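Q: First the structure, which I've put down as structure tokens, then a few questions once you've had a look.
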Amino acid sequence: MADLLLKKGKIVFIDGVREGDVVIDKGVIVEITSEYKGPADRVIECQDKVIFPGVVDAHVHMRVPGSEYKEDFTTGSMAAISGGVTSFLDMPNNIPPIISKKMLSEKRSLIDGNSFANYGLFFGATDDNVEELKRISNVPGLKVYMGETTGNLIVRKDETLEEIFSYTSKNFPVVVHAESQECLDRFSAEYSGEDARSRVDFHSVVRPPECAREAVKHVLHIAKKFDARVHIAHASSAEEIDVIRKFKSDKVTCEVTPHHLAFDLSTYDRLGSRAKVNPPLRSREDVDALWAAINDGTVDAVASDHAPHLLKEKDGAYEQCPAGFPGVETILPVMLDAVNHGLLNLDRAAQLLSSGPARIFGIQGKGQIAVGYDADIVIVDMDLEKEVTNAAMLTKCAWTPWDGIKLKGWPIMTIMGGEVTYEGGKFVSSKRGKELTFRSPDAL
Ligand code: NCD
Ligand code: ZN
Ligand code: ZN
């Protein structure tokens with residue numbers, strides 16, 4: 001007897017799409033076959049629907065502790081599940097930042113029992129917490145900020161980077177926010193005049209691709225000496241992609257965001273100051289370079305960089321306006337819409353959204369529709385067309401940069417560990433997610 005049978009759907013495997021039945025028992029995929037004849041407690045007819053592996057969003061900011069008025073684990077994880085994200089990895093730039101064993105365990109107790117999705121918690125690096133790093137366990141990786149962004153986490157010294165890589169090379173990946181602070185300071189001095197600052201696209205001018213390229217090049221050079229694993233977060237420009245391509249190996253991976261794939265400098269006309277994000281929106285040529293990198297295998301993952309801020313903060317003056325877009329609940333529909341537009345195919349989307357991040361961070365049992373994997377699954381209707389609206393968002397910040405944009409291809413049901421938790425636009429179960437388990441790269 002199986003607990004759940006997903007009948008006659010288009011199953012998205014990592015190497016292609018084939019029709020069949022997915023048999024689930026005790027939360028795990030136990031059989032995949034062209035036609036299952038055995039009994040099942042519940043049968044879900046998936047004719048004309050797509051059976052997609054639950055999205056593993058490797059980059060979100062759920063704002064706990066410290067900025068719960070923007071998002072919390074309940075609202076953020078409900079947003080995730082409604083958008084087909086069954087696991088997420090949360091960043092450490094909280095208030096206070098997660099830079100000690102004690103803060104990590106406090107954050108663990110804050111999320112425990114409150115997240116609808118499965119989760120992992122990153123640890124943050126500073127110039128003097130490498131010893132602390134050696135005391136922690138079961139994290140997806142270490143987060144290094146090379147330039148200032150929301151929160152005040154930063155690593156300024158090369159000696160720290162060397163110390164970090166000599167330890168992490170045997171333990172876990174280092175995720176890098178790669179914008180060089182020296183370069184950012186240079187540009188901010190150069191464009192200090194009123195004229196420049198009043199431009200609506202000022203953020204893109206004052207934080208150019210050059211600063212991202214400098215940081216990527218610098219960190220990859222150092223990491224190479226230690227044969228360490230580095231994951232470049234939110235690569236946004238042709239210049240970064242060129243460098244990453246040169247260094248590319250199974251130790252060097254990168255992610256891009258849906259907003260850097262979907263928006264360019266013209267988006268400032270539509271969103272004004274709301275378009276402020278780090279790294280900034282880039283030119284059309286940069287967007288084209290990201291798509292080329294998606295399709296030639298340079299990009300390993302698409303992650304939302306879900307960075308919720310309230311509209312009253314976003315609509316303020318440039319200096320005060322915080323950088324960041326919410327995105328955890330639109331990541332899947334935005335990528336499905338891109339599939340419908342012929343920009344990539346479904347199995348590539350599943351590699352980027354699910355199996356890729358699971359592989360990079362060594363997440364056990366997640367990321368694929370395959371026997372033995374956890375049954376975290378999204379049922380998708382590729383023909384459903386819907387306009388994204390602020391009003392429909394579950395994120396506490398209550399807006400989305402896709403407001404008013406029509407997308408084709410939507411998740412219609414989310415299954416967590418073999419149990420339907422979201423269906424017909426509603427939560428139908430109170431099932432909570434669990435902390436993910438990470439294998440160290442030595443075990444890979
Ligand atoms: C992020 C945030 O608000 O936490 N903002 C952003 O613009 N992406 C921080 C970050 O990822 O750099
Ligand atoms: Zn960042
Ligand atoms: Zn981020």
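Order determines the names: the first chain of the structure tokens is A, the second B, and so forth; residues in each chain are numbered 1 upward, and ligands are numbered 1 upward as they are shown.
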Env of segment 130-146 of chain A: 6 Å cut, atoms = only C-alpha atoms, seq-sep filter 2 positions within chain, self excluded. Answer as a VMD selection string.
A: chain A and resid 100 to 101 121 to 125 128 154 to 155 172 to 180 361 438
Q: List every residue of chain A that has an atom at most 10 Å from any atom of ligand 1, giving for each one its closest atom pair and the distance in Å to one decimal, counting only C-alpha atoms and all ligand atoms, sorted by chain and then by ascending residue number, as a Markdown table.
A:
```
| residue | atom | partner | partner_atom_place_in_ligand_line | distance |
| --- | --- | --- | --- | --- |
| A:His59 | CA | ligand 1 | 11 (O) | 7.9 |
| A:Val60 | CA | ligand 1 | 11 (O) | 8.0 |
| A:His61 | CA | ligand 1 | 4 (O) | 5.7 |
| A:Met62 | CA | ligand 1 | 4 (O) | 8.7 |
| A:Arg63 | CA | ligand 1 | 4 (O) | 7.9 |
| A:Met91 | CA | ligand 1 | 4 (O) | 7.8 |
| A:Pro92 | CA | ligand 1 | 4 (O) | 8.9 |
| A:Asn93 | CA | ligand 1 | 4 (O) | 6.4 |
| A:Asn94 | CA | ligand 1 | 4 (O) | 8.1 |
| A:Tyr145 | CA | ligand 1 | 12 (O) | 7.9 |
| A:Gly147 | CA | ligand 1 | 12 (O) | 8.6 |
| A:Glu148 | CA | ligand 1 | 12 (O) | 7.8 |
| A:Thr149 | CA | ligand 1 | 12 (O) | 4.9 |
| A:Thr150 | CA | ligand 1 | 2 (C) | 4.6 |
| A:Gly151 | CA | ligand 1 | 4 (O) | 6.8 |
| A:Asn152 | CA | ligand 1 | 9 (C) | 9.9 |
| A:Leu153 | CA | ligand 1 | 9 (C) | 10.0 |
| A:Val176 | CA | ligand 1 | 11 (O) | 9.8 |
| A:His177 | CA | ligand 1 | 12 (O) | 6.5 |
| A:Ala178 | CA | ligand 1 | 12 (O) | 9.2 |
| A:Glu179 | CA | ligand 1 | 12 (O) | 9.3 |
| A:Ala233 | CA | ligand 1 | 11 (O) | 8.1 |
| A:His234 | CA | ligand 1 | 11 (O) | 7.9 |
| A:Thr257 | CA | ligand 1 | 8 (N) | 9.7 |
| A:Ala275 | CA | ligand 1 | 7 (O) | 9.5 |
| A:Lys276 | CA | ligand 1 | 7 (O) | 7.0 |
| A:Val277 | CA | ligand 1 | 7 (O) | 3.7 |
| A:Asn278 | CA | ligand 1 | 7 (O) | 3.6 |
| A:Pro279 | CA | ligand 1 | 7 (O) | 6.4 |
| A:Pro280 | CA | ligand 1 | 7 (O) | 7.6 |
| A:Ser304 | CA | ligand 1 | 8 (N) | 9.3 |
| A:Asp305 | CA | ligand 1 | 8 (N) | 5.9 |
| A:His306 | CA | ligand 1 | 8 (N) | 7.5 |
| A:Ala307 | CA | ligand 1 | 3 (O) | 4.4 |
| A:Pro308 | CA | ligand 1 | 3 (O) | 6.5 |
| A:His309 | CA | ligand 1 | 3 (O) | 7.1 |
| A:Pro322 | CA | ligand 1 | 3 (O) | 6.8 |
| A:Ala323 | CA | ligand 1 | 7 (O) | 3.9 |
| A:Gly324 | CA | ligand 1 | 7 (O) | 3.3 |
| A:Phe325 | CA | ligand 1 | 7 (O) | 6.6 |
| A:Pro326 | CA | ligand 1 | 3 (O) | 9.0 |
```
Q: Determine the nearest neighbour of Gly372 of chain A from the options A:Asp57, A:Glu35, A:Asp25, A:Glu190, counting only C-alpha atoms.
A: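 Looking only at the distances to Gly372 of chain A, the closest residue turns out to be A:Asp25.
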Q: Give me, as a PDB file with C-alpha atoms, in the first residue's frame, all polymer residues having an atom no more than 9 Å from segment 290-295 of chain A, counting only C-alpha atoms and skipping those fewer than 5 positions away in the same chain.
A:
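Saved result, part-v6.pdb, follows:
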```
ATOM      1  CA  ALA A 235      26.089  36.917 -10.388  1.00  0.00           C
ATOM      2  CA  SER A 236      24.573  39.792 -12.328  1.00  0.00           C
ATOM      3  CA  SER A 237      26.864  40.875 -15.162  1.00  0.00           C
ATOM      4  CA  ALA A 238      28.722  39.702 -18.250  1.00  0.00           C
ATOM      5  CA  ILE A 241      30.351  35.553 -15.847  1.00  0.00           C
ATOM      6  CA  ARG A 245      33.836  30.771 -16.706  1.00  0.00           C
ATOM      7  CA  VAL A 256      21.779  34.034 -10.627  1.00  0.00           C
ATOM      8  CA  HIS A 260      18.619  39.810 -12.854  1.00  0.00           C
ATOM      9  CA  LEU A 261      17.316  37.454 -15.553  1.00  0.00           C
ATOM     10  CA  GLU A 285      23.755  42.987 -22.648  1.00  0.00           C
ATOM     11  CA  ASP A 300      24.611  26.121 -11.397  1.00  0.00           C
ATOM     12  CA  ALA A 301      21.544  27.496  -9.630  1.00  0.00           C
ATOM     13  CA  VAL A 302      18.809  30.091  -9.700  1.00  0.00           C
ATOM     14  CA  LEU A 343      14.424  30.553 -22.909  1.00  0.00           C
ATOM     15  CA  LEU A 344      15.263  27.190 -21.307  1.00  0.00           C
ATOM     16  CA  ARG A 348      17.231  22.643 -17.146  1.00  0.00           C
ATOM     17  CA  LEU A 352      18.841  25.162 -11.652  1.00  0.00           C
TER      18      LEU A 352
END
```
Q: Return the single residue from A:Ala375, A:Ala391, A:Cys211, A:Val328 that is closest to Leu353 of chain A, with distances computed using only C-alpha atoms.
A: A:Val328
Q: Name the closest residue to ligand 2 among the candidates A:Ile232, A:Val23, A:Leu89, A:Met78; distances are taken between atoms, counting only C-alpha atoms and all ligand atoms.
A: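 The answer is A:Ile232, which sits nearest to ligand 2.
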Q: Go ahead and compute the interatomic distance for atom CA of Val17 of chain A and atom CA of Gly417 of chain A, in Å to one decimal.
A: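 Pair atom CA of Val17 of chain A / atom CA of Gly417 of chain A returns 22.0 Å.
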Q: So which residues touch Leu407 of chain A within 6 Å, counting only C-alpha atoms, skipping near sequence neighbours fewer than 3 positions away, as a ChimeraX atom specification?
A: /A:337,385-386
Q: Using only C-alpha atoms and all ligand atoms for the distances, tell me which of A:Asp90, A:Ile405, A:Asp286, A:Pro258 is nearest to ligand 3.
A: A:Asp90
Q: Could you pull out all residues of segment 4-215 of chain A with a DSSP call of helix (DSSP H, G or I) and give them as a PyMOL selection string?
A: chain A and resi 73-82+101-111+130-133+158-168+181-190+194-197+202-206+209-215
Q: Give me the residues within 12 Å of Gly433 of chain A as JSON, numbers by chain, counting only C-alpha atoms and dropping any in the same chain fewer than 5 places off.
A: {"A": [73, 74, 77, 78, 80, 81, 85, 86, 87, 88, 111, 112, 113, 114, 115, 116, 117, 118, 119, 120, 376, 415, 416, 417, 419, 421]}
Q: Extract the full set of strand (DSSP E or B) residues from segment 235-372 of chain A according to DSSP on the backbone, and format it as a list in words.
A: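 Of segment 235-372 of chain A, only Ser249, Val252, Thr253, Cys254, Glu255, Val256, Ala301, Val302, His306 and Ile363 of chain A fall in strand (DSSP E or B).
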Q: Residues of the last selection are to be written out with C-alpha atoms, as a PDB file, in the first residue's frame.
A:
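Now in out21.pdb:
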```pdb
ATOM      1  CA  SER A 249      35.392  23.656 -11.847  1.00  0.00           C
ATOM      2  CA  VAL A 252      33.534  26.894  -8.304  1.00  0.00           C
ATOM      3  CA  THR A 253      29.785  27.386  -8.665  1.00  0.00           C
ATOM      4  CA  CYS A 254      27.448  30.340  -9.056  1.00  0.00           C
ATOM      5  CA  GLU A 255      23.822  31.361  -8.868  1.00  0.00           C
ATOM      6  CA  VAL A 256      21.779  34.034 -10.627  1.00  0.00           C
ATOM      7  CA  ALA A 301      21.544  27.496  -9.630  1.00  0.00           C
ATOM      8  CA  VAL A 302      18.809  30.091  -9.700  1.00  0.00           C
ATOM      9  CA  HIS A 306      14.332  37.026  -1.297  1.00  0.00           C
ATOM     10  CA  ILE A 363      21.573  18.583   0.934  1.00  0.00           C
TER      11      ILE A 363
END
```
Q: In terms of the shortest atom-to-atom distance over only C-alpha atoms and all ligand atoms, which of A:Ile51, A:Ala303, A:Leu346, A:Leu271 is closest to ligand 3?
A: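 With only C-alpha atoms and all ligand atoms as the atom set, the closest residue is A:Ala303.
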Q: Measuring atom to atom with only C-alpha atoms and all ligand atoms, identify which of A:Val205, A:Met413, A:Ala58, A:Val230 is nearest to ligand 3.
A: A:Ala58
Q: Which polymer residues have any atom within 8 Å of an atom of segment 311-318 of chain A, counting only C-alpha atoms, with same-chain residues fewer than 4 positions away left out, as a PyMOL selection string?
A: chain A and resi 273-274+322-323+397-399
Q: Need the shell around Ser169 of chain A: protein/DNA/RNA residues with any atom at most 8 Å away, counting only C-alpha atoms. Skip same-chain ones fewer than 3 positions apart. Format as a PDB file with N, CA, C and O atoms, in the first residue's frame?
A:
```pdb
ATOM      1  N   PHE A 165      39.429  29.896   3.952  1.00  0.00           N
ATOM      2  CA  PHE A 165      39.511  28.844   2.933  1.00  0.00           C
ATOM      3  C   PHE A 165      40.349  27.661   3.398  1.00  0.00           C
ATOM      4  O   PHE A 165      40.076  26.530   3.010  1.00  0.00           O
ATOM      5  N   SER A 166      41.352  27.936   4.234  1.00  0.00           N
ATOM      6  CA  SER A 166      42.158  26.797   4.664  1.00  0.00           C
ATOM      7  C   SER A 166      41.325  25.877   5.557  1.00  0.00           C
ATOM      8  O   SER A 166      41.547  24.683   5.591  1.00  0.00           O
ATOM      9  N   PHE A 172      32.947  22.947   4.121  1.00  0.00           N
ATOM     10  CA  PHE A 172      31.744  23.332   3.382  1.00  0.00           C
ATOM     11  C   PHE A 172      32.021  24.476   2.418  1.00  0.00           C
ATOM     12  O   PHE A 172      33.084  25.097   2.460  1.00  0.00           O
ATOM     13  N   PRO A 173      31.044  24.766   1.526  1.00  0.00           N
ATOM     14  CA  PRO A 173      31.256  25.850   0.570  1.00  0.00           C
ATOM     15  C   PRO A 173      31.190  27.228   1.228  1.00  0.00           C
ATOM     16  O   PRO A 173      30.552  27.398   2.276  1.00  0.00           O
ATOM     17  N   PHE A 226      43.785  27.274  -2.153  1.00  0.00           N
ATOM     18  CA  PHE A 226      43.418  26.315  -1.111  1.00  0.00           C
ATOM     19  C   PHE A 226      42.546  25.186  -1.642  1.00  0.00           C
ATOM     20  O   PHE A 226      42.105  24.346  -0.886  1.00  0.00           O
ATOM     21  N   ASP A 227      42.279  25.230  -2.953  1.00  0.00           N
ATOM     22  CA  ASP A 227      41.385  24.257  -3.569  1.00  0.00           C
ATOM     23  C   ASP A 227      40.033  24.219  -2.832  1.00  0.00           C
ATOM     24  O   ASP A 227      39.448  23.165  -2.607  1.00  0.00           O
ATOM     25  N   ALA A 228      39.582  25.422  -2.443  1.00  0.00           N
ATOM     26  CA  ALA A 228      38.360  25.530  -1.634  1.00  0.00           C
ATOM     27  C   ALA A 228      37.124  25.668  -2.524  1.00  0.00           C
ATOM     28  O   ALA A 228      37.224  26.048  -3.683  1.00  0.00           O
ATOM     29  N   ARG A 229      35.983  25.344  -1.955  1.00  0.00           N
ATOM     30  CA  ARG A 229      34.714  25.457  -2.690  1.00  0.00           C
ATOM     31  C   ARG A 229      34.131  26.851  -2.498  1.00  0.00           C
ATOM     32  O   ARG A 229      33.902  27.286  -1.373  1.00  0.00           O
TER      33      ARG A 229
END
```
Q: For atom CA of Asp403 of chain A and atom CA of Glu387 of chain A, quote the distance in Å rounded to one decimal.
A: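 The value is 7.6 Å.
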Q: State, in Å with one decimal place, the distance from atom CA of Leu4 of chain A to atom CA of Tyr373 of chain A.
A: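 Atom CA of Tyr373 of chain A lies 14.5 Å from atom CA of Leu4 of chain A.
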